[in-house]
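Asker: My structure is stored as query-v4.csv, with CSV, C-alpha atoms.
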chain,number,residue,atom,x,y,z
S,1,MET,CA,-12.2,2.6,2.8
S,2,ASN,CA,-8.5,3.4,2.7
S,3,ILE,CA,-7.3,6.0,0.1
S,4,THR,CA,-3.6,5.3,-0.4
S,5,PRO,CA,-1.0,5.6,-3.2
S,6,SER,CA,-0.8,2.8,-5.7
S,7,ILE,CA,2.6,1.7,-6.9
S,8,PHE,CA,3.3,-0.8,-9.6
S,9,LYS,CA,6.8,-0.9,-11.0
S,10,ASP,CA,7.4,2.7,-12.3
S,11,VAL,CA,3.8,3.7,-12.2
S,12,MET,CA,2.5,5.5,-9.1
S,13,LEU,CA,-1.0,7.0,-8.7
S,14,GLN,CA,-1.6,9.0,-5.6
S,15,GLU,CA,-5.2,8.1,-4.8
S,16,SER,CA,-6.4,4.5,-5.0
S,17,CYS,CA,-8.3,2.0,-3.0
S,18,TRP,CA,-9.0,-1.8,-3.3
S,19,ILE,CA,-12.5,-2.8,-4.1
S,20,ASP,CA,-13.3,-6.6,-4.3
S,21,GLY,CA,-9.6,-7.3,-4.7
S,22,THR,CA,-9.1,-4.9,-7.6
S,23,PRO,CA,-7.3,-1.5,-7.5
S,24,HIS,CA,-9.5,1.6,-8.4
S,25,PHE,CA,-8.3,5.1,-9.0
S,26,THR,CA,-9.7,8.6,-8.8
S,27,ARG,CA,-9.9,11.1,-11.7
S,28,ARG,CA,-7.5,13.4,-10.0
S,29,ALA,CA,-4.9,10.6,-9.5
S,30,ILE,CA,-5.2,9.6,-13.2
S,31,GLY,CA,-4.9,13.3,-14.3
S,32,GLU,CA,-1.9,13.9,-12.2
S,33,TRP,CA,-0.1,10.8,-13.5
S,34,LEU,CA,-0.8,12.0,-17.1
S,35,GLU,CA,0.7,15.3,-16.0
S,36,TYR,CA,-2.4,17.5,-16.7
S,37,ASP,CA,-2.7,20.8,-14.9
S,38,MET,CA,-5.5,19.8,-12.5
S,39,SER,CA,-5.7,23.2,-10.8
S,40,LYS,CA,-7.6,24.9,-13.7
S,41,ARG,CA,-9.9,22.3,-15.2
S,42,ASP,CA,-11.1,18.7,-15.1
S,43,PRO,CA,-9.4,17.1,-18.1
S,44,ILE,CA,-10.4,13.5,-17.1
S,45,GLY,CA,-14.0,14.5,-16.7
S,46,HIS,CA,-13.9,16.0,-20.2
S,47,ILE,CA,-12.5,12.7,-21.6
S,48,ILE,CA,-15.2,10.7,-19.8
S,49,ARG,CA,-18.0,13.0,-21.0
S,50,LYS,CA,-16.8,12.5,-24.6
S,51,ASN,CA,-16.6,8.8,-24.0
S,52,PRO,CA,-19.4,7.8,-21.7
S,53,HIS,CA,-18.8,4.1,-22.2
S,54,ILE,CA,-15.9,4.4,-19.8
S,55,GLU,CA,-18.3,5.0,-16.9
S,56,GLN,CA,-19.2,1.3,-16.8
S,57,PHE,CA,-15.7,0.6,-15.4
S,58,SER,CA,-16.2,2.9,-12.4
S,59,VAL,CA,-17.6,2.5,-8.9
S,60,PRO,CA,-19.2,5.3,-6.8
S,61,VAL,CA,-17.6,5.5,-3.4
S,62,TYR,CA,-18.9,7.8,-0.6
S,63,LEU,CA,-16.1,9.6,1.3
S,64,SER,CA,-16.3,11.8,4.3
S,65,GLY,CA,-15.3,15.4,3.8
S,66,THR,CA,-13.7,17.8,6.4
S,67,ASP,CA,-17.2,19.2,7.0
S,68,GLY,CA,-18.4,15.8,8.2
S,69,LYS,CA,-20.6,15.2,5.1
S,70,ASN,CA,-20.4,12.3,2.7
S,71,TYR,CA,-19.5,13.0,-0.9
S,72,GLU,CA,-19.6,10.7,-3.9
S,73,GLN,CA,-16.4,10.0,-5.7
S,74,LYS,CA,-15.9,7.9,-8.8
S,75,PHE,CA,-13.1,5.3,-8.7
S,76,TYR,CA,-12.0,3.7,-12.0
S,77,ASN,CA,-10.7,0.1,-12.3
S,78,PRO,CA,-7.7,-0.8,-14.4
S,79,ILE,CA,-9.8,-1.1,-17.6
S,80,GLY,CA,-11.3,2.3,-17.0
S,81,LEU,CA,-7.8,3.7,-16.3
S,82,GLN,CA,-6.5,2.4,-19.6
S,83,LEU,CA,-9.5,3.6,-21.6
S,84,ILE,CA,-9.0,7.1,-20.2
S,85,ILE,CA,-5.3,6.9,-21.1
S,86,PHE,CA,-6.1,5.8,-24.6
S,87,GLU,CA,-8.3,8.9,-25.1
S,88,SER,CA,-5.6,11.3,-23.8
S,89,ARG,CA,-3.1,13.1,-26.0
S,90,GLN,CA,-0.6,13.6,-23.2
S,91,PRO,CA,3.0,12.5,-23.8
S,92,LYS,CA,2.7,9.8,-21.2
S,93,ALA,CA,-0.5,8.5,-22.8
S,94,LYS,CA,1.2,8.3,-26.2
S,95,ALA,CA,4.1,6.4,-24.8
S,96,TYR,CA,1.7,4.0,-23.0
S,97,LYS,CA,-0.3,3.4,-26.2
S,98,VAL,CA,2.9,2.5,-28.1
S,99,ALA,CA,3.9,0.1,-25.3
S,100,VAL,CA,0.4,-1.6,-25.3
S,101,ALA,CA,0.5,-1.9,-29.2
S,102,ASN,CA,3.9,-3.6,-28.9
S,103,LEU,CA,2.5,-5.9,-26.2
S,104,VAL,CA,-0.5,-6.9,-28.3
S,105,TYR,CA,1.6,-7.5,-31.4
S,106,ALA,CA,4.0,-9.7,-29.4
S,107,PHE,CA,0.9,-11.7,-28.2
S,108,MET,CA,-0.4,-12.1,-31.7
S,109,ARG,CA,2.9,-13.5,-32.8
S,110,GLY,CA,2.9,-15.9,-29.9
S,111,GLU,CA,6.0,-14.4,-28.4
S,112,LEU,CA,4.4,-13.3,-25.2
S,113,LYS,CA,4.7,-15.8,-22.4
S,114,PRO,CA,3.7,-15.3,-18.8
S,115,SER,CA,6.7,-14.5,-16.6
S,116,LYS,CA,7.3,-16.6,-13.6
S,117,TRP,CA,8.3,-13.4,-11.9
S,118,SER,CA,5.1,-11.5,-12.6
S,119,GLN,CA,3.5,-12.4,-9.3
S,120,LYS,CA,6.7,-11.6,-7.5
S,121,ASP,CA,7.0,-8.2,-9.2
S,122,ASP,CA,3.4,-7.4,-8.1
S,123,LEU,CA,4.2,-8.4,-4.6
S,124,VAL,CA,7.4,-6.3,-4.6
S,125,SER,CA,5.3,-3.3,-5.7
S,126,ALA,CA,2.8,-4.0,-2.9
S,127,ALA,CA,5.6,-4.3,-0.4
S,128,ARG,CA,7.0,-0.9,-1.5
S,129,GLN,CA,3.6,0.7,-1.1
S,130,ILE,CA,3.2,-0.8,2.4
S,131,LEU,CA,6.7,0.2,3.5
S,132,SER,CA,6.2,3.8,2.1
S,133,LEU,CA,3.8,4.4,5.0
S,134,PRO,CA,4.9,5.0,8.6
S,135,CYS,CA,4.4,2.2,11.1
S,136,SER,CA,0.7,2.7,11.7
S,137,ARG,CA,-2.9,1.4,11.3
S,138,LYS,CA,-2.8,2.5,7.6
S,139,ARG,CA,0.1,0.1,7.0
S,140,GLY,CA,-1.9,-2.7,8.6
S,141,SER,CA,-4.9,-1.9,6.5
S,142,LEU,CA,-2.9,-2.2,3.3
S,143,VAL,CA,-1.7,-5.6,4.4
S,144,ARG,CA,-5.3,-6.7,5.0
S,145,ASP,CA,-6.1,-5.5,1.5
S,146,LEU,CA,-3.3,-7.5,0.1
S,147,ALA,CA,-4.5,-10.6,2.1
S,148,GLU,CA,-8.0,-10.1,0.8
S,149,ARG,CA,-6.8,-9.7,-2.8
S,150,ASP,CA,-4.7,-12.8,-2.8
S,151,GLY,CA,-7.1,-14.9,-0.7
S,152,VAL,CA,-4.6,-15.6,2.1
S,153,SER,CA,-4.5,-14.9,5.9
S,154,ILE,CA,-3.2,-11.6,7.2
S,155,GLN,CA,-0.3,-13.5,8.8
S,156,ALA,CA,0.6,-15.0,5.4
S,157,ALA,CA,0.4,-11.6,3.8
S,158,TYR,CA,2.9,-10.2,6.3
S,159,ARG,CA,5.2,-13.2,5.7
S,160,ARG,CA,5.1,-12.5,1.9
S,161,VAL,CA,5.9,-8.8,2.4
S,162,ASN,CA,8.7,-9.7,4.8
S,163,LYS,CA,10.2,-12.2,2.3
S,164,VAL,CA,10.4,-9.7,-0.6
S,165,SER,CA,11.3,-6.6,1.5
S,166,GLY,CA,13.8,-8.1,3.9
S,167,LYS,CA,12.1,-6.3,6.7
S,168,ARG,CA,10.6,-7.8,9.8
S,169,LEU,CA,7.0,-6.5,9.7
S,170,ARG,CA,4.7,-8.4,12.0
S,171,ALA,CA,1.0,-9.0,12.0
S,172,GLY,CA,0.8,-7.4,15.4
S,173,ILE,CA,2.2,-4.1,14.0
S,174,ARG,CA,-1.3,-2.7,14.0
S,175,SER,CA,-1.3,-2.6,17.9
S,176,ASP,CA,1.2,-0.8,20.2
S,177,LYS,CA,2.4,-4.0,21.8
S,178,GLY,CA,1.5,-2.7,25.3
S,179,ALA,CA,3.2,0.6,24.9
S,180,THR,CA,0.1,2.5,26.1
S,181,LYS,CA,-0.6,0.1,28.9
S,182,TYR,CA,2.9,-0.3,30.2
S,183,PRO,CA,4.8,3.0,29.3
S,184,GLU,CA,7.0,3.0,32.4
S,185,ASP,CA,8.1,-0.6,31.8
S,186,ARG,CA,8.8,0.2,28.2
S,187,GLU,CA,11.0,3.2,29.2
S,188,ARG,CA,12.9,1.0,31.7
S,189,VAL,CA,13.5,-1.6,29.1
S,190,PHE,CA,14.9,0.9,26.6
S,191,ALA,CA,17.0,2.5,29.2
S,192,TYR,CA,18.5,-0.8,30.2
S,193,VAL,CA,19.2,-1.7,26.5
S,194,LYS,CA,20.9,1.6,26.0
S,195,GLU,CA,23.5,0.6,28.6
S,196,HIS,CA,23.5,-3.1,27.6
S,197,PRO,CA,22.9,-3.2,23.8
S,198,GLU,CA,23.2,-7.0,23.6
S,199,ALA,CA,20.6,-7.7,26.2
S,200,ARG,CA,17.4,-9.5,25.3
S,201,GLY,CA,14.1,-10.5,26.8
S,202,LYS,CA,14.9,-13.1,29.5
S,203,GLU,CA,18.0,-11.3,30.7
S,204,ILE,CA,16.2,-7.9,30.9
S,205,VAL,CA,13.2,-9.4,32.8
S,206,SER,CA,15.5,-11.0,35.3
S,207,LYS,CA,17.6,-7.8,35.8
S,208,LEU,CA,14.7,-5.4,36.0
S,209,SER,CA,12.5,-6.3,39.0
S,210,GLY,CA,8.8,-5.4,39.0
S,211,LEU,CA,8.2,-5.5,35.3
S,212,LYS,CA,4.5,-6.3,34.5
S,213,VAL,CA,5.3,-7.8,31.1
S,214,SER,CA,6.7,-11.1,29.8
S,215,PHE,CA,10.1,-11.5,28.1
S,216,SER,CA,8.3,-12.2,24.8
S,217,ARG,CA,6.6,-8.7,25.1
S,218,VAL,CA,10.0,-7.2,25.8
S,219,ASN,CA,11.4,-8.8,22.6
S,220,GLU,CA,8.5,-7.5,20.6
S,221,TRP,CA,9.4,-3.9,21.8
S,222,LEU,CA,13.0,-4.4,20.9
S,223,ARG,CA,12.1,-5.7,17.4
S,224,GLU,CA,9.8,-2.8,16.7
S,225,ARG,CA,12.4,-0.4,18.0
S,226,ALA,CA,15.1,-1.9,15.7
S,227,PHE,CA,12.7,-1.7,12.8
S,228,ALA,CA,11.9,1.9,13.4
S,229,LEU,CA,15.6,2.8,13.7
S,230,ASN,CA,16.3,1.1,10.3
Written as structure tokens, how would this file's structure read?

Answerer:
Amino acid sequence: MNITPSIFKDVMLQESCWIDGTPHFTRRAIGEWLEYDMSKRDPIGHIIRKNPHIEQFSVPVYLSGTDGKNYEQKFYNPIGLQLIIFESRQPKAKAYKVAVANLVYAFMRGELKPSKWSQKDDLVSAARQILSLPCSRKRGSLVRDLAERDGVSIQAAYRRVNKVSGKRLRAGIRSDKGATKYPEDRERVFAYVKEHPEARGKEIVSKLSGLKVSFSRVNEWLRERAFALN
């Protein structure tokens, strides 16, 4: 289970995870977004105790603590999140209620039509969330979550993120592309490219005798290096 920030348009909650293709959020993340002082009390817990029907929109998740023990944490789906917001009196909650009321009224008048960009906006938000993380296994896990949510292959999820972000993420980004197995070769390649910036795989392999890697592996290293520098 990966706990990551969730970003959609201008809304960002710090603790979320994907369960069965749906985002879920912790009480703390919801409270922080509503701008409660979470250091002194549990305002979200108070809202839920007064409105126990909200609990049906939560899922218990067991997380490992620093002491090695597992602790139960409740995560609330988008319906639970909105019900909590509706019961809050924070300024952000009031603004959200007004926005929802206008949305419902527009729907009742038949003025609300699905936007052809709605899926794209959601994908842009997912791409921003993925790119907010350093190049690591966590980033790969988020792409897998995106693939599971949309019912596509991991490679297709990477292609979608690439298209909207303009970056060259690759499905293999979760591995080190041989950096651990061939560190000396990697250093030789980068040293050569430093002196010959335009050089690419086949040229480098032909100029550097004794390399244990193919020109395609060398090109992968160069692409990852360029991505990291950008």

Asker: If I take CA of Arg27 in chain S and CA of Pro52 in chain S, how far is one from the other in Å, to one decimal?

Answerer: 14.2 Å

Asker: Between CA of Gly80 in chain S and CA of Pro23 in chain S, what is the spacing in Å?

Answerer: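 Distance reported for this atom pair: 11.0 Å.
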
Asker: Can you tell me which residues surround Arg28 in chain S at a distance of at most 12 Å, considering only C-alpha atoms, apart from same-chain residues fewer than 4 positions away, and format the answer as a list of chain:residue names?

Answerer: S:Leu13, S:Gln14, S:Glu15, S:Ser16, S:Glu32, S:Trp33, S:Leu34, S:Glu35, S:Tyr36, S:Asp37, S:Met38, S:Ser39, S:Arg41, S:Asp42, S:Pro43, S:Ile44, S:Gly45, S:Gln73, S:Lys74, S:Phe75, S:Tyr76, S:Leu81

Asker: Find the distance between CA of Tyr158 in chain S and CA of Gly201 in chain S and write it in Å to one decimal.

Answerer: 23.4 Å

Asker: Give the answer as one residue: which of S:Arg223, S:Arg89, S:His24, S:His53 has the shortest atom-to-atom distance to Asn77 in chain S, using only C-alpha atoms?

Answerer: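 The answer is S:His24, which sits nearest to Asn77 in chain S.
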
Asker: Out of S:Glu87, S:Phe107, S:Leu222, S:Asn162, which residue has the shortest atom-to-atom distance to Pro197 in chain S when counting all atoms listed in the file?

Answerer: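 Checking each of S:Glu87, S:Phe107, S:Leu222, S:Asn162 against Pro197 in chain S, counting all atoms listed in the file, the winner is S:Leu222.
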
Asker: Tell me which of S:Ile48, S:Ala199, S:Leu83, S:Val189 sits closest to Arg217 in chain S, counting only C-alpha atoms.

Answerer: S:Val189

Asker: Do a neighbour search on Val193 in chain S at 12 Å with all atoms listed in the file, toss out local chain neighbours closer than 2 positions, and write the hits as a ChimeraX atom specification.

Answerer: /S:186-191,195-201,203-205,207-208,218-219,221-222,225-226

Asker: So that I can see what lies close to Ser88 in chain S, please list as a PyMOL selection string the residues with an atom at most 10 Å from it, counting all atoms listed in the file and leaving out residues fewer than 2 positions away in the same chain.

Answerer: chain S and resi 31+34+36+43-44+47+82-86+90-94+97

Asker: May I have the residues from that selection written out with C-alpha atoms, as a PDB file, in the coordinates of the input?

Answerer:
ATOM      1  CA  GLY S  31      -4.900  13.300 -14.300  1.00  0.00           C
ATOM      2  CA  LEU S  34      -0.800  12.000 -17.100  1.00  0.00           C
ATOM      3  CA  TYR S  36      -2.400  17.500 -16.700  1.00  0.00           C
ATOM      4  CA  PRO S  43      -9.400  17.100 -18.100  1.00  0.00           C
ATOM      5  CA  ILE S  44     -10.400  13.500 -17.100  1.00  0.00           C
ATOM      6  CA  ILE S  47     -12.500  12.700 -21.600  1.00  0.00           C
ATOM      7  CA  GLN S  82      -6.500   2.400 -19.600  1.00  0.00           C
ATOM      8  CA  LEU S  83      -9.500   3.600 -21.600  1.00  0.00           C
ATOM      9  CA  ILE S  84      -9.000   7.100 -20.200  1.00  0.00           C
ATOM     10  CA  ILE S  85      -5.300   6.900 -21.100  1.00  0.00           C
ATOM     11  CA  PHE S  86      -6.100   5.800 -24.600  1.00  0.00           C
ATOM     12  CA  GLN S  90      -0.600  13.600 -23.200  1.00  0.00           C
ATOM     13  CA  PRO S  91       3.000  12.500 -23.800  1.00  0.00           C
ATOM     14  CA  LYS S  92       2.700   9.800 -21.200  1.00  0.00           C
ATOM     15  CA  ALA S  93      -0.500   8.500 -22.800  1.00  0.00           C
ATOM     16  CA  LYS S  94       1.200   8.300 -26.200  1.00  0.00           C
ATOM     17  CA  LYS S  97      -0.300   3.400 -26.200  1.00  0.00           C
TER      18      LYS S  97
END
